$ cat final_6.txt   # compact mmCIF, C-alpha atoms
# COMPACT_ATOMS: atom_id res chain seq x y z
CA MET A 100 15.11 -5.69 -18.74
CA ARG A 101 15.48 -7.58 -15.45
CA PHE A 102 12.31 -8.24 -13.48
CA LEU A 103 13.87 -10.42 -10.78
CA PRO A 104 15.26 -8.93 -7.55
CA THR A 105 18.99 -8.95 -7.02
CA GLY A 106 20.58 -10.92 -4.21
CA GLU A 107 20.85 -7.78 -2.10
CA GLN A 108 17.21 -6.89 -2.68
CA SER A 109 16.09 -10.41 -1.82
CA GLU A 110 18.13 -10.32 1.38
CA PHE A 111 16.45 -7.05 2.37
CA ALA A 112 13.03 -8.62 1.84
CA ARG A 113 14.04 -11.67 3.90
CA THR A 114 15.24 -9.40 6.70
CA LEU A 115 11.88 -7.64 6.82
CA ARG A 116 9.99 -10.93 6.67
CA SER A 117 12.02 -12.29 9.57
CA LEU A 118 11.49 -9.13 11.63
CA LEU A 119 7.76 -9.15 10.99
CA GLY A 120 7.48 -12.87 11.64
CA ALA A 121 8.86 -12.36 15.14
CA ALA A 122 6.79 -9.25 15.87
CA GLN A 123 3.38 -10.81 16.63
CA VAL A 124 1.77 -8.56 14.04
CA PRO A 125 -1.82 -9.85 14.53
CA ALA A 126 -1.75 -8.76 18.17
CA THR A 127 -0.34 -5.40 17.09
CA VAL A 128 -3.12 -4.96 14.51
CA ARG A 129 -5.82 -5.79 17.05
CA ALA A 130 -4.35 -3.28 19.49
CA TRP A 131 -4.21 -0.65 16.73
CA ALA A 132 -7.87 -1.23 15.89
CA ALA A 133 -8.74 -0.81 19.57
CA GLY A 134 -6.98 2.56 19.71
CA ASP A 135 -3.73 1.38 21.33
CA HIS A 136 -1.06 2.60 18.93
CA GLY A 137 1.94 1.87 21.15
CA PRO A 138 2.81 -1.60 19.81
CA GLY A 139 2.31 -0.47 16.21
CA LEU A 140 4.53 2.58 16.63
CA ALA A 141 7.22 0.42 18.26
CA LEU A 142 7.05 -1.97 15.30
CA TRP A 143 7.31 0.93 12.85
CA SER A 144 10.42 2.16 14.65
CA ARG A 145 12.04 -1.25 14.21
CA LEU A 146 11.07 -1.30 10.54
CA ALA A 147 12.59 2.15 10.06
CA GLY A 148 15.78 0.80 11.62
CA THR A 149 16.20 -1.46 8.58
CA GLY A 150 16.34 1.62 6.35
CA LEU A 151 12.82 1.14 5.01
CA CYS A 152 11.82 4.82 5.26
CA ALA A 153 15.21 6.02 4.02
CA LEU A 154 14.60 4.26 0.69
CA ALA A 155 12.14 7.02 -0.24
CA ALA A 156 14.42 9.94 0.66
CA PRO A 157 17.32 11.51 -1.27
CA GLU A 158 20.86 11.02 -0.01
CA ALA A 159 21.19 14.73 0.72
CA TYR A 160 18.82 14.23 3.67
CA GLU A 161 20.35 11.04 5.09
CA GLY A 162 18.26 8.89 2.78
CA LEU A 163 19.25 5.94 0.60
CA GLY A 164 17.30 6.74 -2.53
CA PRO A 165 14.88 7.30 -3.85
CA LEU A 166 14.79 3.53 -4.59
CA PRO A 167 11.25 2.55 -5.64
CA VAL A 168 12.05 -1.10 -6.42
CA GLU A 169 13.55 -1.77 -3.00
CA LEU A 170 10.73 0.10 -1.29
CA ALA A 171 8.11 -1.86 -3.25
CA LEU A 172 9.77 -5.09 -2.14
CA GLY A 173 9.55 -3.89 1.44
CA PHE A 174 5.88 -3.02 1.14
CA VAL A 175 5.08 -6.44 -0.28
CA GLU A 176 6.34 -7.78 3.05
CA LEU A 177 4.26 -5.24 4.98
CA GLY A 178 1.18 -6.40 3.08
CA ARG A 179 2.06 -10.05 3.61
CA ALA A 180 2.31 -9.48 7.37
CA GLY A 181 -0.84 -7.31 7.47
CA VAL A 182 0.87 -4.36 9.19
CA ALA A 183 -1.49 -1.60 10.32
CA GLY A 184 -0.90 2.13 10.16
CA PRO A 185 -0.20 4.84 7.57
CA ALA A 186 2.94 3.23 6.16
CA VAL A 187 2.13 4.19 2.56
CA GLU A 188 1.23 7.71 3.58
CA THR A 189 4.46 8.11 5.56
CA ALA A 190 6.54 6.98 2.59
CA ALA A 191 4.57 9.26 0.26
CA ALA A 192 5.14 12.19 2.63
CA VAL A 193 8.88 11.46 2.57
CA VAL A 194 8.78 11.49 -1.23
CA LEU A 195 6.78 14.72 -1.24
CA LEU A 196 9.25 16.50 1.05
CA GLY A 197 12.23 15.19 -0.89
CA GLU A 198 10.76 16.35 -4.19
CA LEU A 199 10.11 19.81 -2.75
CA ALA A 200 13.74 20.02 -1.63
CA GLY A 201 14.79 19.18 -5.17
CA HIS A 202 12.77 22.20 -6.36
CA GLY A 203 14.41 24.56 -3.89
CA GLU A 204 11.90 24.17 -1.01
CA GLU A 205 14.37 22.80 1.52
CA ALA A 206 12.85 24.06 4.76
CA PRO A 207 10.06 21.44 5.11
CA ALA A 208 12.48 18.61 4.25
CA LYS A 209 15.02 19.71 6.86
CA ARG A 210 12.28 20.06 9.46
CA PHE A 211 10.32 16.84 9.00
CA LEU A 212 12.48 14.24 7.25
CA PRO A 213 14.83 13.40 10.15
CA GLY A 214 12.00 12.17 12.40
CA LEU A 215 10.27 10.32 9.57
CA LEU A 216 13.41 8.49 8.44
CA THR A 217 14.30 7.28 11.91
CA GLY A 218 10.78 6.07 12.60
CA ASP A 219 10.30 8.42 15.52
CA THR A 220 6.94 9.41 14.08
CA LEU A 221 4.50 8.58 11.31
CA ALA A 222 2.86 10.91 8.82
CA THR A 223 -0.42 10.92 6.98
CA LEU A 224 -1.48 13.11 4.09
CA THR A 225 -4.18 13.94 1.59
CA LEU A 226 -3.42 14.85 -2.01
CA PRO A 227 -5.52 16.33 -4.82
CA GLY A 228 -7.26 13.61 -6.79
CA GLY A 229 -7.04 11.18 -3.88
CA SER A 230 -9.27 10.46 -0.93
CA PRO A 231 -10.26 13.48 1.18
CA TYR A 232 -9.72 11.38 4.30
CA ALA A 233 -6.40 11.05 6.09
CA LEU A 234 -5.49 7.55 7.24
CA ASP A 235 -4.84 7.15 10.99
CA ALA A 236 -4.44 10.86 11.62
CA ASP A 237 -4.88 10.21 15.33
CA ALA A 238 -1.70 8.09 15.37
CA ALA A 239 0.43 10.18 13.03
CA GLY A 240 2.74 12.86 14.32
CA TYR A 241 2.28 14.95 11.16
CA CYS A 242 -0.85 15.43 9.07
CA PHE A 243 0.00 17.00 5.71
CA ARG A 244 -2.63 18.36 3.34
CA VAL A 245 -2.03 19.48 -0.24
CA THR A 246 -4.69 21.72 -1.72
CA GLY A 247 -5.07 23.27 -5.13
CA ALA A 248 -4.08 21.74 -8.44
CA ALA A 249 -4.99 18.17 -9.28
CA PRO A 250 -2.24 15.67 -10.10
CA ALA A 251 -0.51 16.09 -13.45
CA SER A 252 -1.10 19.85 -13.31
CA ALA A 253 2.43 20.79 -12.36
CA SER A 254 2.13 24.12 -14.14
CA GLU A 255 -0.56 25.19 -11.70
CA SER A 256 -0.15 26.25 -8.11
CA ALA A 257 -0.85 24.19 -5.02
CA GLU A 258 -0.27 24.59 -1.30
CA LEU A 259 1.20 22.28 1.30
CA TRP A 260 -0.28 22.62 4.77
CA LEU A 261 0.55 21.05 8.10
CA ALA A 262 -2.93 20.43 9.47
CA PRO A 263 -3.50 21.10 13.16
CA GLY A 264 -5.22 17.74 13.56
CA TRP A 265 -8.30 15.96 12.32
CA GLU A 266 -11.99 16.70 12.81
CA GLU A 267 -13.74 13.34 12.95
CA ARG A 268 -12.98 9.64 12.72
CA LEU A 269 -14.91 7.61 10.18
CA GLY A 270 -15.41 3.86 10.04
CA SER A 271 -13.83 1.50 7.53
CA LEU A 272 -14.30 -2.08 6.44
CA ASP A 273 -10.97 -2.65 8.16
CA PRO A 274 -11.20 -1.65 11.84
CA ALA A 275 -7.45 -1.03 11.82
CA ARG A 276 -7.85 1.72 9.20
CA GLY A 277 -9.01 4.91 10.87
CA LEU A 278 -10.14 7.59 8.43
CA GLY A 279 -10.23 11.21 9.51
CA VAL A 280 -11.00 14.56 7.93
CA PRO A 281 -7.98 16.90 8.31
CA ALA A 282 -8.85 20.03 10.22
CA ALA A 283 -8.96 23.28 8.28
CA GLY A 284 -6.22 25.84 8.59
CA GLY A 285 -2.87 25.02 10.08
CA GLU A 286 0.62 26.06 8.97
CA LEU A 287 1.38 26.82 5.34
CA LEU A 288 4.66 25.08 4.52
CA ALA A 289 5.07 25.72 0.78
CA ALA A 290 3.13 26.95 -2.24
CA GLY A 291 3.52 27.13 -5.98
CA PRO A 292 3.99 24.85 -9.01
CA ALA A 293 6.73 22.93 -7.16
CA VAL A 294 4.13 21.67 -4.70
CA SER A 295 1.93 20.48 -7.59
CA ALA A 296 4.82 18.57 -9.16
CA ALA A 297 5.86 17.06 -5.83
CA ALA A 298 2.28 16.03 -5.02
CA ASP A 299 1.96 14.34 -8.42
CA THR A 300 5.11 12.30 -7.76
CA ALA A 301 4.05 11.43 -4.21
CA ALA A 302 0.66 10.22 -5.46
CA ARG A 303 2.34 7.84 -7.94
CA TRP A 304 4.54 6.44 -5.17
CA ALA A 305 1.53 6.02 -2.88
CA ARG A 306 -0.32 4.08 -5.57
CA LEU A 307 2.74 1.93 -6.31
CA LEU A 308 3.30 1.05 -2.65
CA THR A 309 -0.38 0.28 -2.14
CA ALA A 310 -0.15 -2.09 -5.10
CA ALA A 311 2.83 -3.74 -3.40
CA GLN A 312 0.83 -4.13 -0.20
CA CYS A 313 -2.01 -5.68 -2.20
CA LEU A 314 0.35 -8.23 -3.74
CA GLY A 315 1.75 -9.25 -0.35
CA LEU A 316 -1.75 -9.39 1.15
CA GLY A 317 -2.98 -11.63 -1.66
CA GLU A 318 -0.01 -13.96 -1.27
CA ALA A 319 -0.64 -14.26 2.48
CA LEU A 320 -4.33 -15.05 1.94
CA LEU A 321 -3.50 -17.68 -0.67
CA ALA A 322 -0.85 -19.32 1.52
CA ARG A 323 -3.20 -19.51 4.51
CA THR A 324 -5.98 -20.92 2.36
CA VAL A 325 -3.74 -23.61 0.87
CA GLU A 326 -2.72 -24.72 4.35
CA TYR A 327 -6.34 -24.80 5.47
CA VAL A 328 -7.64 -26.91 2.58
CA LYS A 329 -4.92 -29.45 3.30
CA GLN A 330 -6.23 -29.86 6.84
CA ARG A 331 -9.99 -29.63 6.47
CA THR A 332 -11.56 -32.92 5.44
CA GLN A 333 -14.92 -33.72 3.87
CA PHE A 334 -16.18 -37.15 2.79
CA GLY A 335 -13.01 -38.61 4.27
CA ALA A 336 -10.60 -36.54 2.13
CA PRO A 337 -8.91 -33.12 2.37
CA ILE A 338 -10.98 -30.57 0.50
CA GLY A 339 -7.80 -29.46 -1.23
CA SER A 340 -7.93 -32.68 -3.24
CA PHE A 341 -11.23 -31.68 -4.87
CA GLN A 342 -10.91 -30.49 -8.44
CA ALA A 343 -13.12 -27.42 -7.96
CA VAL A 344 -10.98 -26.25 -5.03
CA LYS A 345 -7.77 -26.80 -7.01
CA HIS A 346 -9.11 -24.73 -9.90
CA ARG A 347 -10.12 -21.89 -7.59
CA LEU A 348 -6.69 -21.79 -5.97
CA ALA A 349 -4.95 -22.00 -9.34
CA ASP A 350 -6.94 -19.04 -10.65
CA THR A 351 -6.01 -17.03 -7.57
CA LEU A 352 -2.33 -17.89 -8.01
CA LEU A 353 -2.42 -16.87 -11.67
CA ASP A 354 -3.97 -13.52 -10.79
CA LEU A 355 -1.19 -12.81 -8.29
CA GLU A 356 1.58 -13.98 -10.61
CA PHE A 357 0.22 -11.81 -13.41
CA ALA A 358 0.31 -8.78 -11.11
CA ARG A 359 3.90 -9.33 -9.96
CA PRO A 360 5.79 -8.32 -13.16
CA LEU A 361 3.48 -5.34 -13.60
CA LEU A 362 4.45 -4.18 -10.13
CA TRP A 363 8.17 -4.43 -10.89
CA ALA A 364 7.70 -2.69 -14.25
CA ALA A 365 5.89 0.14 -12.47
CA ALA A 366 8.63 0.41 -9.86
CA LEU A 367 11.24 0.65 -12.60
CA SER A 368 9.44 3.24 -14.72
CA LEU A 369 7.22 5.10 -12.23
CA SER A 370 5.07 6.16 -15.18
CA ASP A 371 1.41 6.92 -14.64
CA GLY A 372 0.21 4.12 -16.91
CA ASP A 373 2.49 1.44 -15.48
CA VAL A 374 1.67 2.37 -11.88
CA ALA A 375 -2.07 2.40 -12.62
CA ALA A 376 -1.83 -1.01 -14.32
CA ALA A 377 0.07 -2.45 -11.37
CA LYS A 378 -2.42 -1.06 -8.87
CA LEU A 379 -5.37 -2.35 -10.89
CA THR A 380 -4.07 -5.90 -11.26
CA ALA A 381 -2.63 -6.23 -7.75
CA GLY A 382 -5.72 -4.76 -6.14
CA GLU A 383 -8.09 -7.02 -8.05
CA ALA A 384 -5.86 -10.05 -7.38
CA ALA A 385 -5.84 -9.36 -3.64
CA TYR A 386 -9.61 -8.93 -3.60
CA ALA A 387 -10.04 -12.19 -5.53
CA ALA A 388 -7.71 -13.93 -3.07
CA ALA A 389 -9.86 -12.64 -0.20
CA ARG A 390 -13.03 -14.01 -1.81
CA THR A 391 -11.34 -17.35 -2.39
CA ALA A 392 -10.06 -17.48 1.18
CA LEU A 393 -13.48 -16.65 2.60
CA GLN A 394 -15.30 -19.23 0.49
CA LEU A 395 -12.86 -22.07 1.13
CA HIS A 396 -12.63 -21.37 4.85
CA GLY A 397 -16.41 -21.45 5.08
CA ALA A 398 -18.20 -19.68 7.92
CA VAL A 399 -15.08 -19.81 10.08
CA GLY A 400 -13.57 -17.09 7.89
CA TYR A 401 -15.96 -14.53 9.35
CA THR A 402 -14.90 -15.03 12.97
CA GLU A 403 -13.03 -12.33 14.87
CA GLU A 404 -10.88 -14.90 16.66
CA LEU A 405 -9.36 -16.22 13.43
CA ASP A 406 -6.32 -14.20 12.33
CA LEU A 407 -7.44 -14.67 8.73
CA SER A 408 -10.10 -12.01 9.30
CA LEU A 409 -7.37 -9.38 9.80
CA TRP A 410 -6.19 -9.94 6.23
CA LEU A 411 -9.65 -10.44 4.74
CA ARG A 412 -10.86 -7.02 5.88
CA LYS A 413 -7.88 -5.25 4.35
CA ALA A 414 -8.41 -6.49 0.82
CA ARG A 415 -11.16 -4.18 -0.38
CA PRO A 416 -9.93 -0.98 1.37
CA LEU A 417 -6.46 -1.49 -0.11
CA ARG A 418 -7.92 -2.24 -3.54
CA ASP A 419 -9.75 1.09 -3.45
CA ALA A 420 -7.05 3.19 -1.72
CA TRP A 421 -5.06 5.63 -3.90
CA GLY A 422 -7.11 4.78 -6.97
CA GLY A 423 -9.87 2.20 -7.26
CA PRO A 424 -10.28 -0.13 -10.26
CA SER A 425 -12.32 2.28 -12.39
CA GLN A 426 -9.93 5.18 -11.81
CA CYS A 427 -6.90 3.00 -12.57
CA ARG A 428 -8.50 1.70 -15.77
CA ALA A 429 -9.15 5.26 -16.88
CA ASP A 430 -5.54 6.23 -16.10
CA VAL A 431 -4.20 3.26 -18.07
CA ILE A 432 -6.31 4.23 -21.09
CA ARG A 433 -5.26 7.86 -20.74
CA SER A 434 -1.61 6.84 -20.81
CA LEU A 435 -1.94 4.95 -24.09
CA PRO A 436 -1.16 6.61 -27.43
CA GLN A 437 -4.27 8.40 -28.61
CA THR A 438 -4.74 6.19 -31.68
CA THR A 439 -4.50 3.01 -29.61
CA ALA A 440 -6.85 4.31 -26.91
CA THR A 441 -9.40 5.39 -29.53
CA ARG A 442 -9.24 2.05 -31.29
CA ARG A 443 -9.83 0.15 -28.05
CA VAL A 444 -12.75 2.32 -27.05
CA THR A 445 -14.45 2.10 -30.46
CA THR A 446 -14.03 -1.68 -30.69
$ encode --input "final_6.txt" --output "structure tokens"
Amino acid sequence: MRFLPTGEQSEFARTLRSLLGAAQVPATVRAWAAGDHGPGLALWSRLAGTGLCALAAPEAYEGLGPLPVELALGFVELGRAGVAGPAVETAAAVVLLGELAGHGEEAPAKRFLPGLLTGDTLATLTLPGGSPYALDADAAGYCFRVTGAAPASASESAELWLAPGWEERLGSLDPARGLGVPAAGGELLAAGPAVSAAADTAARWARLLTAAQCLGLGEALLARTVEYVKQRTQFGAPIGSFQAVKHRLADTLLDLEFARPLLWAAALSLSDGDVAAAKLTAGEAAYAAARTALQLHGAVGYTEELDLSLWLRKARPLRDAWGGPSQCRADVIRSLPQTTATRRVTT
């Protein structure tokens, strides 16, 4: 099994990295946190122009996929750049609508997918078993809400609603992550077991893409920290030459490198256990990279003026989004053969 990207996949990632490198993302994130969504929406439109959103949609609806590996590569770059906004939720909504169309519910896909694929608008959503809060509902053109059966209960009935808006905005550790409670009522778009199955698939994609963001975020934090310890001197020498600092950076690198193949395995299989394992390792690696970056930058890491703070404050929310460590561990154990899971618990 191949766990390295192809030349075409690598070129796609380089294209996104180049686009994001020229986009002044930190300024965009600060504007987003202040309530000015214009620059962020313009950036999302340019990202959609690369075909990023189309990777989650079936070809029957002008999509290119679904191609989870390519999309995961793209979201690594989004995490590396620290892009704000409901990117994961938009991709998950595209998956949800595409899955519904595959089960005969074509109307919602025909209505909403065109605007989502072209980047004309963003979407946010809440799914059973996930957070009850919708990310950046005030910036999204569509706020979808699935109610009813929990994930993995495809035989049960669920409902897909287009919420009329959101009720209140809650704070987050990351000022660029606005959490809102979807308003009750709205328009019922679809109902039945097909919605349950589609929501289950969309939740797996959301967790996978969040893991990809975590990996990119951790890599960005590590790269910035390495550059900093080369420049900061103490006792007449760069602090990066100290053995304790080298060990801390090496541990952070190992955590990230261990998470990488698990992410690609999850993108290839899209199984519950593989996706949970990828999210667990990537989320913990990103959080460890944030702690390392903060410690080695010293007090300067706390400052608002330093761009590093934009990445630092994303680490924990992304680690906990779409399945925190304890939930992912439980899902990994649940996915194991019963005899293996029992043996591990008893020992």
$ residues_near_point --input "final_6.txt" --point "(12.9, 21.6, 6.8)" --cutoff "12 Å" --atoms "all atoms listed in the file" --output "PyMOL selection string"
chain A and resi 160+193+196-197+199-200+203-215+288-289
$ closest_residue --input "final_6.txt" --among "A:Cys242, A:Leu163, A:Leu361, A:Leu435" --to "A:Gly382" --atoms "only C-alpha atoms"
A:Leu361
$ residues_around --input "final_6.txt" --residues "A:Ala358" --least-positions-apart "5" --cutoff "8 Å" --atoms "all atoms listed in the file" --output "ChimeraX atom specification"
/A:314,377,380-381,384
$ atom_distance --input "final_6.txt" --atom1 "atom CA of A:Gly279" --atom2 "atom CA of A:Ser425"
23.7 Å
$ residues_around --input "final_6.txt" --residues "A:His396" --least-positions-apart "2" --cutoff "8 Å" --atoms "only C-alpha atoms" --output "NGL selection string"
:A and (324 or 327-328 or 392-394 or 398-400)
$ atom_distance --input "final_6.txt" --atom1 "atom CA of A:Pro274" --atom2 "atom CA of A:Gly317"
18.7 Å
$ closest_atom_pairs --input "final_6.txt" --of "stretch 158-204 of chain A" --to "stretch 226-240 of chain A" --cutoff "9 Å" --atoms "only C-alpha atoms" --output "JSON lines"
{"residue": "A:Gly184", "atom": "CA", "partner": "A:Asp235", "partner_atom": "CA", "distance": 6.4}
{"residue": "A:Pro185", "atom": "CA", "partner": "A:Leu234", "partner_atom": "CA", "distance": 6.0}
{"residue": "A:Glu188", "atom": "CA", "partner": "A:Leu234", "partner_atom": "CA", "distance": 7.7}
{"residue": "A:Thr189", "atom": "CA", "partner": "A:Ala239", "partner_atom": "CA", "distance": 8.7}
$ write_last_selection --input "final_6.txt" --atoms "C-alpha atoms" --output "PDB file, keeping the file's coordinate frame"
ATOM      1  CA  GLY A 184      -0.900   2.130  10.160  1.00  0.00           C
ATOM      2  CA  PRO A 185      -0.200   4.840   7.570  1.00  0.00           C
ATOM      3  CA  GLU A 188       1.230   7.710   3.580  1.00  0.00           C
ATOM      4  CA  THR A 189       4.460   8.110   5.560  1.00  0.00           C
TER       5      THR A 189
END
$ closest_residue --input "final_6.txt" --among "A:Leu395, A:Val168, A:Ala389, A:Ala297" --to "A:Gly339" --atoms "only C-alpha atoms"
A:Leu395
$ closest_residue --input "final_6.txt" --among "A:Leu115, A:Leu405, A:Leu195, A:Val431" --to "A:Ala365" --atoms "only C-alpha atoms"
A:Val431
$ closest_residue --input "final_6.txt" --among "A:Ala171, A:Ile338, A:Leu379, A:Leu320" --to "A:Leu352" --atoms "all atoms listed in the file"
A:Leu320
$ atom_distance --input "final_6.txt" --atom1 "atom CA of A:Arg129" --atom2 "atom CA of A:Trp410"
11.6 Å
$ closest_residue --input "final_6.txt" --among "A:Gly277, A:Pro157, A:Thr300, A:Gly264" --to "A:Ala191" --atoms "all atoms listed in the file"
A:Thr300
$ closest_residue --input "final_6.txt" --among "A:Asp273, A:Glu169, A:Glu383, A:Glu198" --to "A:Ala298" --atoms "all atoms listed in the file"
A:Glu198
